[in-house]
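Shown below: target_26.pdb, with PDB, C-alpha atoms, pLDDT in the B column.
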ATOM      1  CA  MET A 783     -33.326 -21.532  11.438  1.00 76.00           C
ATOM      2  CA  PRO A 784     -32.769 -23.272  14.797  1.00 88.00           C
ATOM      3  CA  PRO A 785     -33.126 -21.203  17.980  1.00 92.00           C
ATOM      4  CA  PRO A 786     -30.350 -18.602  18.375  1.00 92.00           C
ATOM      5  CA  ASP A 787     -27.296 -19.564  20.398  1.00 90.00           C
ATOM      6  CA  VAL A 788     -26.661 -16.064  21.748  1.00 89.00           C
ATOM      7  CA  PHE A 789     -28.850 -13.067  22.507  1.00 91.00           C
ATOM      8  CA  MET A 790     -27.587  -9.509  22.973  1.00 92.00           C
ATOM      9  CA  ARG A 791     -28.342  -5.824  22.594  1.00 96.00           C
ATOM     10  CA  TRP A 792     -25.950  -3.265  21.130  1.00 97.00           C
ATOM     11  CA  SER A 793     -26.329   0.302  22.396  1.00 97.00           C
ATOM     12  CA  ASN A 794     -24.750   3.747  21.919  1.00 96.00           C
ATOM     13  CA  LEU A 795     -22.930   2.471  18.868  1.00 98.00           C
ATOM     14  CA  LEU A 796     -20.728   4.505  16.536  1.00 98.00           C
ATOM     15  CA  PHE A 797     -19.751   3.414  13.022  1.00 98.00           C
ATOM     16  CA  LEU A 798     -16.569   5.132  11.802  1.00 97.00           C
ATOM     17  CA  HIS A 799     -15.558   4.161   8.264  1.00 96.00           C
ATOM     18  CA  TRP A 800     -12.592   5.009   6.043  1.00 94.00           C
ATOM     19  CA  PRO A 801     -12.079   3.957   2.391  1.00 93.00           C
ATOM     20  CA  VAL A 802      -9.121   1.650   1.755  1.00 93.00           C
ATOM     21  CA  PRO A 803      -7.641   0.523  -1.590  1.00 93.00           C
ATOM     22  CA  VAL A 804      -8.730  -2.998  -2.443  1.00 96.00           C
ATOM     23  CA  GLU A 805      -5.095  -4.042  -2.913  1.00 95.00           C
ATOM     24  CA  ALA A 806      -4.256  -3.057   0.684  1.00 94.00           C
ATOM     25  CA  MET A 807      -7.262  -4.922   2.049  1.00 96.00           C
ATOM     26  CA  ARG A 808      -6.530  -7.969  -0.112  1.00 96.00           C
ATOM     27  CA  ALA A 809      -3.132  -8.315   1.550  1.00 95.00           C
ATOM     28  CA  ALA A 810      -4.698  -8.274   5.034  1.00 96.00           C
ATOM     29  CA  VAL A 811      -7.637 -10.674   4.580  1.00 96.00           C
ATOM     30  CA  PRO A 812      -7.440 -14.471   4.077  1.00 95.00           C
ATOM     31  CA  SER A 813      -7.318 -15.381   0.388  1.00 93.00           C
ATOM     32  CA  GLU A 814     -10.340 -17.682   0.769  1.00 92.00           C
ATOM     33  CA  LEU A 815     -12.542 -14.592   1.250  1.00 95.00           C
ATOM     34  CA  GLU A 816     -13.631 -12.126  -1.405  1.00 96.00           C
ATOM     35  CA  ILE A 817     -13.234  -8.448  -0.562  1.00 98.00           C
ATOM     36  CA  ASP A 818     -16.657  -6.803  -0.552  1.00 98.00           C
ATOM     37  CA  THR A 819     -16.520  -3.320  -2.059  1.00 98.00           C
ATOM     38  CA  PHE A 820     -18.739  -0.311  -2.605  1.00 97.00           C
ATOM     39  CA  ASP A 821     -18.058   1.488  -5.891  1.00 93.00           C
ATOM     40  CA  GLY A 822     -14.780  -0.415  -6.145  1.00 95.00           C
ATOM     41  CA  THR A 823     -13.494   0.576  -2.699  1.00 95.00           C
ATOM     42  CA  ALA A 824     -12.879  -1.500   0.413  1.00 97.00           C
ATOM     43  CA  TRP A 825     -13.598  -0.082   3.869  1.00 96.00           C
ATOM     44  CA  ILE A 826     -12.026  -0.250   7.318  1.00 96.00           C
ATOM     45  CA  ALA A 827     -14.221   0.483  10.351  1.00 97.00           C
ATOM     46  CA  LEU A 828     -13.833   1.341  14.012  1.00 97.00           C
ATOM     47  CA  VAL A 829     -17.007   0.456  15.954  1.00 98.00           C
ATOM     48  CA  PRO A 830     -17.265   1.281  19.693  1.00 98.00           C
ATOM     49  CA  PHE A 831     -20.456   0.385  21.585  1.00 97.00           C
ATOM     50  CA  LEU A 832     -22.039  -1.055  24.726  1.00 96.00           C
ATOM     51  CA  MET A 833     -22.998  -4.733  24.752  1.00 93.00           C
ATOM     52  CA  GLU A 834     -26.054  -5.335  26.977  1.00 93.00           C
ATOM     53  CA  ASP A 835     -28.182  -8.269  28.193  1.00 89.00           C
ATOM     54  CA  THR A 836     -25.852 -10.852  26.684  1.00 87.00           C
ATOM     55  CA  SER A 837     -26.874 -14.461  27.250  1.00 84.00           C
ATOM     56  CA  PHE A 838     -26.251 -17.882  25.736  1.00 83.00           C
ATOM     57  CA  ARG A 839     -28.975 -20.426  25.104  1.00 83.00           C
ATOM     58  CA  GLY A 840     -29.144 -22.910  27.975  1.00 77.00           C
ATOM     59  CA  VAL A 841     -26.595 -21.036  30.108  1.00 75.00           C
ATOM     60  CA  PRO A 842     -27.637 -18.915  33.134  1.00 71.00           C
ATOM     61  CA  LYS A 843     -26.613 -15.273  33.041  1.00 71.00           C
ATOM     62  CA  LEU A 844     -23.520 -14.571  35.121  1.00 66.00           C
ATOM     63  CA  PRO A 845     -23.783 -11.500  37.389  1.00 64.00           C
ATOM     64  CA  GLY A 846     -21.833  -8.574  36.007  1.00 62.00           C
ATOM     65  CA  MET A 847     -20.869 -10.384  32.807  1.00 69.00           C
ATOM     66  CA  SER A 848     -23.870  -9.716  30.563  1.00 83.00           C
ATOM     67  CA  THR A 849     -23.174  -6.001  30.033  1.00 91.00           C
ATOM     68  CA  PHE A 850     -19.786  -4.665  28.957  1.00 93.00           C
ATOM     69  CA  TYR A 851     -18.126  -2.238  26.560  1.00 96.00           C
ATOM     70  CA  GLU A 852     -16.744  -3.480  23.270  1.00 95.00           C
ATOM     71  CA  CYS A 853     -14.953  -1.993  20.276  1.00 97.00           C
ATOM     72  CA  ASN A 854     -14.062  -3.710  17.015  1.00 96.00           C
ATOM     73  CA  VAL A 855     -11.960  -3.046  13.941  1.00 97.00           C
ATOM     74  CA  ARG A 856     -13.517  -4.683  10.897  1.00 98.00           C
ATOM     75  CA  THR A 857     -13.963  -4.864   7.141  1.00 98.00           C
ATOM     76  CA  TYR A 858     -16.430  -6.472   4.718  1.00 98.00           C
ATOM     77  CA  VAL A 859     -16.008  -9.698   2.792  1.00 98.00           C
ATOM     78  CA  ARG A 860     -17.966 -12.451   1.061  1.00 96.00           C
ATOM     79  CA  ALA A 861     -17.888 -16.250   1.238  1.00 94.00           C
ATOM     80  CA  ARG A 862     -20.026 -19.164   0.073  1.00 89.00           C
ATOM     81  CA  ASN A 863     -22.267 -20.942   2.564  1.00 85.00           C
ATOM     82  CA  ALA A 864     -22.953 -24.684   2.652  1.00 80.00           C
ATOM     83  CA  ASP A 865     -25.582 -24.254  -0.114  1.00 83.00           C
ATOM     84  CA  GLY A 866     -23.063 -22.562  -2.380  1.00 86.00           C
ATOM     85  CA  ASP A 867     -24.660 -19.127  -2.059  1.00 89.00           C
ATOM     86  CA  LEU A 868     -22.350 -16.107  -1.933  1.00 92.00           C
ATOM     87  CA  VAL A 869     -23.097 -14.205   1.298  1.00 94.00           C
ATOM     88  CA  SER A 870     -21.767 -10.904   2.600  1.00 96.00           C
ATOM     89  CA  GLY A 871     -20.484 -10.413   6.101  1.00 97.00           C
ATOM     90  CA  VAL A 872     -17.860  -9.011   8.454  1.00 98.00           C
ATOM     91  CA  TRP A 873     -14.217  -9.913   8.952  1.00 97.00           C
ATOM     92  CA  PHE A 874     -12.889  -8.714  12.310  1.00 96.00           C
ATOM     93  CA  PHE A 875      -9.274  -7.704  12.741  1.00 97.00           C
ATOM     94  CA  SER A 876      -9.784  -7.221  16.472  1.00 96.00           C
ATOM     95  CA  LEU A 877     -12.503  -7.021  19.114  1.00 94.00           C
ATOM     96  CA  ASP A 878     -11.744  -5.352  22.433  1.00 95.00           C
ATOM     97  CA  ALA A 879     -13.960  -6.217  25.406  1.00 92.00           C
ATOM     98  CA  GLU A 880     -14.129  -5.007  28.986  1.00 90.00           C
ATOM     99  CA  HIS A 881     -14.495  -8.349  30.835  1.00 83.00           C
ATOM    100  CA  LEU A 882     -12.244 -11.385  30.539  1.00 75.00           C
ATOM    101  CA  LEU A 883     -14.975 -14.044  30.579  1.00 72.00           C
ATOM    102  CA  PRO A 884     -16.759 -12.767  27.419  1.00 70.00           C
ATOM    103  CA  VAL A 885     -13.328 -12.517  25.777  1.00 67.00           C
ATOM    104  CA  LEU A 886     -12.611 -16.181  26.480  1.00 74.00           C
ATOM    105  CA  GLY A 887     -16.153 -17.275  25.580  1.00 69.00           C
ATOM    106  CA  ALA A 888     -16.157 -15.446  22.241  1.00 68.00           C
ATOM    107  CA  ARG A 889     -12.725 -16.799  21.339  1.00 73.00           C
ATOM    108  CA  TRP A 890     -14.046 -20.315  21.960  1.00 72.00           C
ATOM    109  CA  MET A 891     -17.436 -19.906  20.287  1.00 72.00           C
ATOM    110  CA  TRP A 892     -16.476 -17.853  17.221  1.00 74.00           C
ATOM    111  CA  SER A 893     -12.662 -18.096  16.995  1.00 82.00           C
ATOM    112  CA  LEU A 894     -12.482 -14.311  16.930  1.00 88.00           C
ATOM    113  CA  ASN A 895      -9.546 -12.127  17.939  1.00 90.00           C
ATOM    114  CA  TYR A 896     -11.027 -10.843  21.218  1.00 90.00           C
ATOM    115  CA  LEU A 897      -8.713  -8.821  23.467  1.00 92.00           C
ATOM    116  CA  HIS A 898      -9.079  -7.841  27.121  1.00 93.00           C
ATOM    117  CA  SER A 899      -9.059  -4.058  27.491  1.00 96.00           C
ATOM    118  CA  THR A 900      -9.757  -1.310  30.025  1.00 97.00           C
ATOM    119  CA  PHE A 901     -12.521   1.159  29.158  1.00 97.00           C
ATOM    120  CA  THR A 902     -13.512   4.629  30.361  1.00 98.00           C
ATOM    121  CA  VAL A 903     -16.865   5.749  28.990  1.00 98.00           C
ATOM    122  CA  THR A 904     -19.348   8.520  29.719  1.00 96.00           C
ATOM    123  CA  SER A 905     -22.600   9.324  27.905  1.00 92.00           C
ATOM    124  CA  MET A 906     -24.707  12.392  28.650  1.00 92.00           C
ATOM    125  CA  ASP A 907     -27.145  14.519  26.649  1.00 90.00           C
ATOM    126  CA  GLY A 908     -26.274  12.869  23.355  1.00 88.00           C
ATOM    127  CA  VAL A 909     -22.515  13.236  23.838  1.00 94.00           C
ATOM    128  CA  ASN A 910     -20.395  10.082  24.127  1.00 97.00           C
ATOM    129  CA  ASP A 911     -16.813  10.069  25.405  1.00 98.00           C
ATOM    130  CA  TYR A 912     -15.301   6.630  24.870  1.00 98.00           C
ATOM    131  CA  SER A 913     -11.752   5.448  25.462  1.00 98.00           C
ATOM    132  CA  LEU A 914      -9.925   2.140  25.888  1.00 98.00           C
ATOM    133  CA  HIS A 915      -6.433   0.724  26.091  1.00 97.00           C
ATOM    134  CA  ARG A 916      -5.373  -2.883  25.767  1.00 97.00           C
ATOM    135  CA  ARG A 917      -4.160  -4.481  28.961  1.00 96.00           C
ATOM    136  CA  ALA A 918      -1.401  -6.403  27.186  1.00 95.00           C
ATOM    137  CA  ASN A 919      -0.234  -3.321  25.249  1.00 96.00           C
ATOM    138  CA  PRO A 920      -1.501   0.060  26.527  1.00 96.00           C
ATOM    139  CA  GLN A 921      -0.044   1.835  23.466  1.00 96.00           C
ATOM    140  CA  GLN A 922      -2.811   0.181  21.464  1.00 97.00           C
ATOM    141  CA  ARG A 923      -5.748   2.407  22.309  1.00 97.00           C
ATOM    142  CA  THR A 924      -8.579   4.559  21.081  1.00 97.00           C
ATOM    143  CA  HIS A 925     -10.300   7.693  22.352  1.00 97.00           C
ATOM    144  CA  VAL A 926     -13.290   9.067  20.477  1.00 97.00           C
ATOM    145  CA  MET A 927     -15.850  11.702  21.421  1.00 97.00           C
ATOM    146  CA  TRP A 928     -18.963  12.153  19.320  1.00 98.00           C
ATOM    147  CA  HIS A 929     -22.348  13.880  19.298  1.00 97.00           C
ATOM    148  CA  ARG A 930     -25.447  11.851  18.527  1.00 95.00           C
ATOM    149  CA  GLY A 931     -27.362  13.553  15.717  1.00 97.00           C
ATOM    150  CA  GLU A 932     -30.672  13.429  13.897  1.00 97.00           C
ATOM    151  CA  GLU A 933     -32.567  10.288  12.941  1.00 98.00           C
ATOM    152  CA  LEU A 934     -32.025   9.005   9.420  1.00 98.00           C
ATOM    153  CA  PRO A 935     -34.429   7.013   7.229  1.00 98.00           C
ATOM    154  CA  ILE A 936     -33.939   3.246   7.157  1.00 97.00           C
ATOM    155  CA  ALA A 937     -31.013   2.594   4.821  1.00 98.00           C
ATOM    156  CA  GLU A 938     -32.091   1.430   1.377  1.00 98.00           C
ATOM    157  CA  PRO A 939     -30.345  -1.482  -0.391  1.00 97.00           C
ATOM    158  CA  GLY A 940     -27.757  -0.060  -2.748  1.00 97.00           C
ATOM    159  CA  SER A 941     -26.899   2.880  -0.470  1.00 98.00           C
ATOM    160  CA  ILE A 942     -23.519   3.274   1.227  1.00 98.00           C
ATOM    161  CA  GLU A 943     -25.254   3.262   4.630  1.00 98.00           C
ATOM    162  CA  HIS A 944     -26.876  -0.102   3.894  1.00 98.00           C
ATOM    163  CA  PHE A 945     -23.602  -1.573   2.612  1.00 98.00           C
ATOM    164  CA  LEU A 946     -21.657  -0.550   5.719  1.00 98.00           C
ATOM    165  CA  THR A 947     -24.177  -1.554   8.381  1.00 98.00           C
ATOM    166  CA  GLU A 948     -26.613  -4.257   7.251  1.00 98.00           C
ATOM    167  CA  ARG A 949     -24.431  -7.345   7.722  1.00 96.00           C
ATOM    168  CA  TYR A 950     -25.876 -10.720   8.694  1.00 96.00           C
ATOM    169  CA  TRP A 951     -22.804 -12.964   8.751  1.00 96.00           C
ATOM    170  CA  LEU A 952     -19.507 -12.898  10.609  1.00 95.00           C
ATOM    171  CA  PHE A 953     -16.502 -14.875   9.403  1.00 96.00           C
ATOM    172  CA  SER A 954     -13.465 -16.279  11.169  1.00 94.00           C
ATOM    173  CA  LYS A 955     -10.804 -18.916  10.592  1.00 92.00           C
ATOM    174  CA  ARG A 956     -10.638 -22.092  12.673  1.00 89.00           C
ATOM    175  CA  ARG A 957      -7.933 -24.718  12.154  1.00 87.00           C
ATOM    176  CA  GLY A 958      -7.212 -23.354   8.697  1.00 88.00           C
ATOM    177  CA  ARG A 959     -10.821 -23.277   7.504  1.00 91.00           C
ATOM    178  CA  ILE A 960     -13.154 -20.322   6.952  1.00 94.00           C
ATOM    179  CA  MET A 961     -16.152 -20.459   9.271  1.00 94.00           C
ATOM    180  CA  GLY A 962     -19.318 -18.356   9.262  1.00 94.00           C
ATOM    181  CA  GLY A 963     -21.848 -17.439  11.918  1.00 92.00           C
ATOM    182  CA  ARG A 964     -25.317 -16.067  11.139  1.00 93.00           C
ATOM    183  CA  VAL A 965     -26.703 -13.030  12.947  1.00 95.00           C
ATOM    184  CA  PHE A 966     -30.151 -11.473  12.782  1.00 96.00           C
ATOM    185  CA  HIS A 967     -31.482  -8.042  13.693  1.00 97.00           C
ATOM    186  CA  GLU A 968     -33.973  -5.484  12.481  1.00 97.00           C
ATOM    187  CA  PRO A 969     -32.617  -2.733  10.176  1.00 97.00           C
ATOM    188  CA  TRP A 970     -30.272  -0.356  11.975  1.00 98.00           C
ATOM    189  CA  PRO A 971     -31.976   2.765  13.423  1.00 98.00           C
ATOM    190  CA  LEU A 972     -29.247   5.085  12.193  1.00 98.00           C
ATOM    191  CA  ARG A 973     -28.546   8.695  13.142  1.00 98.00           C
ATOM    192  CA  THR A 974     -26.028  11.238  11.996  1.00 98.00           C
ATOM    193  CA  ALA A 975     -22.969  11.662  14.196  1.00 98.00           C
ATOM    194  CA  LYS A 976     -20.380  14.400  14.590  1.00 97.00           C
ATOM    195  CA  VAL A 977     -16.933  13.358  15.774  1.00 96.00           C
ATOM    196  CA  GLU A 978     -15.342  15.972  18.054  1.00 95.00           C
ATOM    197  CA  HIS A 979     -12.156  14.080  18.928  1.00 94.00           C
ATOM    198  CA  LEU A 980     -10.391  10.957  17.696  1.00 94.00           C
ATOM    199  CA  ASP A 981      -7.069   9.508  18.832  1.00 93.00           C
ATOM    200  CA  ASP A 982      -6.709   5.928  17.665  1.00 94.00           C
ATOM    201  CA  THR A 983      -3.960   3.342  17.181  1.00 94.00           C
ATOM    202  CA  LEU A 984      -6.212   0.255  16.799  1.00 96.00           C
ATOM    203  CA  ILE A 985      -6.573   0.721  13.042  1.00 94.00           C
ATOM    204  CA  ALA A 986      -2.795   1.131  12.677  1.00 93.00           C
ATOM    205  CA  SER A 987      -2.356  -2.024  14.777  1.00 94.00           C
ATOM    206  CA  ALA A 988      -4.499  -3.859  12.221  1.00 94.00           C
ATOM    207  CA  GLY A 989      -2.076  -2.777   9.481  1.00 92.00           C
ATOM    208  CA  PHE A 990      -3.852   0.282   8.065  1.00 91.00           C
ATOM    209  CA  GLU A 991      -1.806   3.169   9.427  1.00 81.00           C
ATOM    210  CA  THR A 992      -1.298   4.727   5.992  1.00 65.00           C
ATOM    211  CA  ALA A 993      -5.021   4.791   5.189  1.00 64.00           C
ATOM    212  CA  PHE A 994      -5.883   6.207   8.599  1.00 63.00           C
ATOM    213  CA  LYS A 995      -3.306   9.005   8.403  1.00 65.00           C
ATOM    214  CA  ALA A 996      -4.289  10.076   4.901  1.00 61.00           C
ATOM    215  CA  GLY A 997      -6.302  12.980   6.335  1.00 68.00           C
ATOM    216  CA  VAL A 998      -9.643  11.602   5.171  1.00 77.00           C
ATOM    217  CA  GLU A 999     -12.485  12.324   7.576  1.00 87.00           C
ATOM    218  CA  PRO A1000     -14.361   9.158   8.555  1.00 93.00           C
ATOM    219  CA  MET A1001     -17.956   8.562   7.584  1.00 96.00           C
ATOM    220  CA  ALA A1002     -19.746   8.610  10.960  1.00 97.00           C
ATOM    221  CA  LEU A1003     -23.096   7.062  11.895  1.00 98.00           C
ATOM    222  CA  HIS A1004     -24.683   6.499  15.310  1.00 98.00           C
ATOM    223  CA  ALA A1005     -27.283   3.967  16.492  1.00 98.00           C
ATOM    224  CA  ASP A1006     -29.100   4.111  19.835  1.00 97.00           C
ATOM    225  CA  THR A1007     -29.884   0.432  20.450  1.00 97.00           C
ATOM    226  CA  LEU A1008     -30.599  -2.794  18.574  1.00 97.00           C
ATOM    227  CA  LYS A1009     -31.364  -6.382  19.629  1.00 97.00           C
ATOM    228  CA  VAL A1010     -29.235  -9.028  17.920  1.00 96.00           C
ATOM    229  CA  ASP A1011     -29.424 -12.829  17.762  1.00 96.00           C
ATOM    230  CA  GLY A1012     -26.473 -15.012  16.783  1.00 93.00           C
ATOM    231  CA  TRP A1013     -25.745 -18.620  15.816  1.00 92.00           C
ATOM    232  CA  LYS A1014     -22.707 -20.873  16.163  1.00 89.00           C
ATOM    233  CA  LEU A1015     -20.115 -21.186  13.435  1.00 91.00           C
ATOM    234  CA  LYS A1016     -20.530 -23.411  10.398  1.00 91.00           C
ATOM    235  CA  ALA A1017     -17.988 -24.317   7.743  1.00 91.00           C
ATOM    236  CA  MET A1018     -17.991 -22.091   4.666  1.00 90.00           C
ATOM    237  CA  SER A1019     -16.675 -22.676   1.149  1.00 74.00           C
ATOM    238  CA  ALA A1020     -13.701 -20.700  -0.097  1.00 60.00           C
ATOM    239  CA  VAL A1021     -14.046 -17.927  -2.646  1.00 58.00           C
ATOM    240  CA  ARG A1022     -10.605 -17.809  -4.205  1.00 49.00           C
ATOM    241  CA  THR A1023      -9.817 -14.687  -6.186  1.00 44.00           C
ATOM    242  CA  GLU A1024      -6.551 -12.949  -7.023  1.00 38.00           C
ATOM    243  CA  LEU A1025      -8.151  -9.528  -6.621  1.00 36.00           C
ATOM    244  CA  SER A1026     -11.772  -8.876  -5.724  1.00 36.00           C
TER
END
Would you write the structure of this file as structure tokens?
Amino acid sequence: MPPPDVFMRWSNLLFLHWPVPVEAMRAAVPSELEIDTFDGTAWIALVPFLMEDTSFRGVPKLPGMSTFYECNVRTYVRARNADGDLVSGVWFFSLDAEHLLPVLGARWMWSLNYLHSTFTVTSMDGVNDYSLHRRANPQQRTHVMWHRGEELPIAEPGSIEHFLTERYWLFSKRRGRIMGGRVFHEPWPLRTAKVEHLDDTLIASAGFETAFKAGVEPMALHADTLKVDGWKLKAMSAVRTELS
């Protein structure tokens, strides 16, 4: 691999996951991508966290721009890389960020749906209180409060925890073509998490209001901090399936 194009650290991160019927996810994801499932089920996720020490190779850090809050709504898909290998990764429906410059930079570098939002966050004694609303549409918002729990063993391949968290590609669409960007990090240092409060419209804004309101409690996992490297986008090959 060439040197990474971006360096970052993700901290105080919460994974919230809900199961979604494959048919519903198929309608929301580009047809060139295969829906990645666990035991025949697709998943929608809400992931709030703090982005720290962000920098781009060859570009000086800008004061006040390297650390900011972010929250994404995502699912899991597969595509073929340039070698024809089927690889698993993340498809983002939205990514909310605190500062405008990272929003513009990420849109340019990865063609991702970054949105400029206002955040209010506190973290104390293992309790995180995290809220945001989108500047362009304040009705699109989230507010989640959770307790950081006990350490978990490293997720084993084949487990639901591994499926939902160990992802080393991100996908986007640029000028009608599926693109993929590699990421690298050590295995997630996961913890249990207990959600005390959740008021969210971001998942409904992505088109999954029915799944979110079904009364199913989300699967919740917390991670303290993790360093991540990323690479620029490369063209991927389509995986065309009627239902995957």
Closest of A:Phe850, A:Thr857, A:Arg956, A:Val841 to Val804 (chain A), counting only C-alpha atoms, is A:Thr857
I'd like to know which of A:Thr947, A:Ser876, A:Thr849, A:Asn794 is closest to Ala986 (chain A), using all atoms listed in the file.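 Distance minimum relative to Ala986 (chain A) lands on A:Ser876.
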Run the PyMOL selection byres ((chain A and resi 1010) around 9) on the file and write out the hits as a PDB file with C-alpha atoms, in the frame of the given file.
ATOM      1  CA  VAL A 788     -26.661 -16.064  21.748  1.00 89.00           C
ATOM      2  CA  PHE A 789     -28.850 -13.067  22.507  1.00 91.00           C
ATOM      3  CA  MET A 790     -27.587  -9.509  22.973  1.00 92.00           C
ATOM      4  CA  ARG A 791     -28.342  -5.824  22.594  1.00 96.00           C
ATOM      5  CA  TRP A 792     -25.950  -3.265  21.130  1.00 97.00           C
ATOM      6  CA  VAL A 965     -26.703 -13.030  12.947  1.00 95.00           C
ATOM      7  CA  PHE A 966     -30.151 -11.473  12.782  1.00 96.00           C
ATOM      8  CA  HIS A 967     -31.482  -8.042  13.693  1.00 97.00           C
ATOM      9  CA  GLU A 968     -33.973  -5.484  12.481  1.00 97.00           C
ATOM     10  CA  LEU A1008     -30.599  -2.794  18.574  1.00 97.00           C
ATOM     11  CA  LYS A1009     -31.364  -6.382  19.629  1.00 97.00           C
ATOM     12  CA  ASP A1011     -29.424 -12.829  17.762  1.00 96.00           C
ATOM     13  CA  GLY A1012     -26.473 -15.012  16.783  1.00 93.00           C
TER      14      GLY A1012
END
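Comparing the minimum interatomic distances between Ala809 (chain A) and each of A:Ala988, A:Glu932, A:Asp982, A:Gly822, counting only C-alpha atoms, we find that A:Ala988 sits nearest.
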I'd like to know which of A:Tyr858, A:Leu868, A:Ile985, A:Ile960 is closest to Glu948 (chain A), using all atoms listed in the file. A:Tyr858
Please enumerate the residues selected by the PyMOL selection byres ((chain A and resi 874) around 9) when evaluated against the supplied file, formatted as a count of residues only. 15
Find the residues around Leu914 (chain A) up to 6 Å (all atoms listed in the file counted), leave out those fewer than 2 positions away in its own chain, and share them as a PyMOL selection string. chain A and resi 900-901+923-924
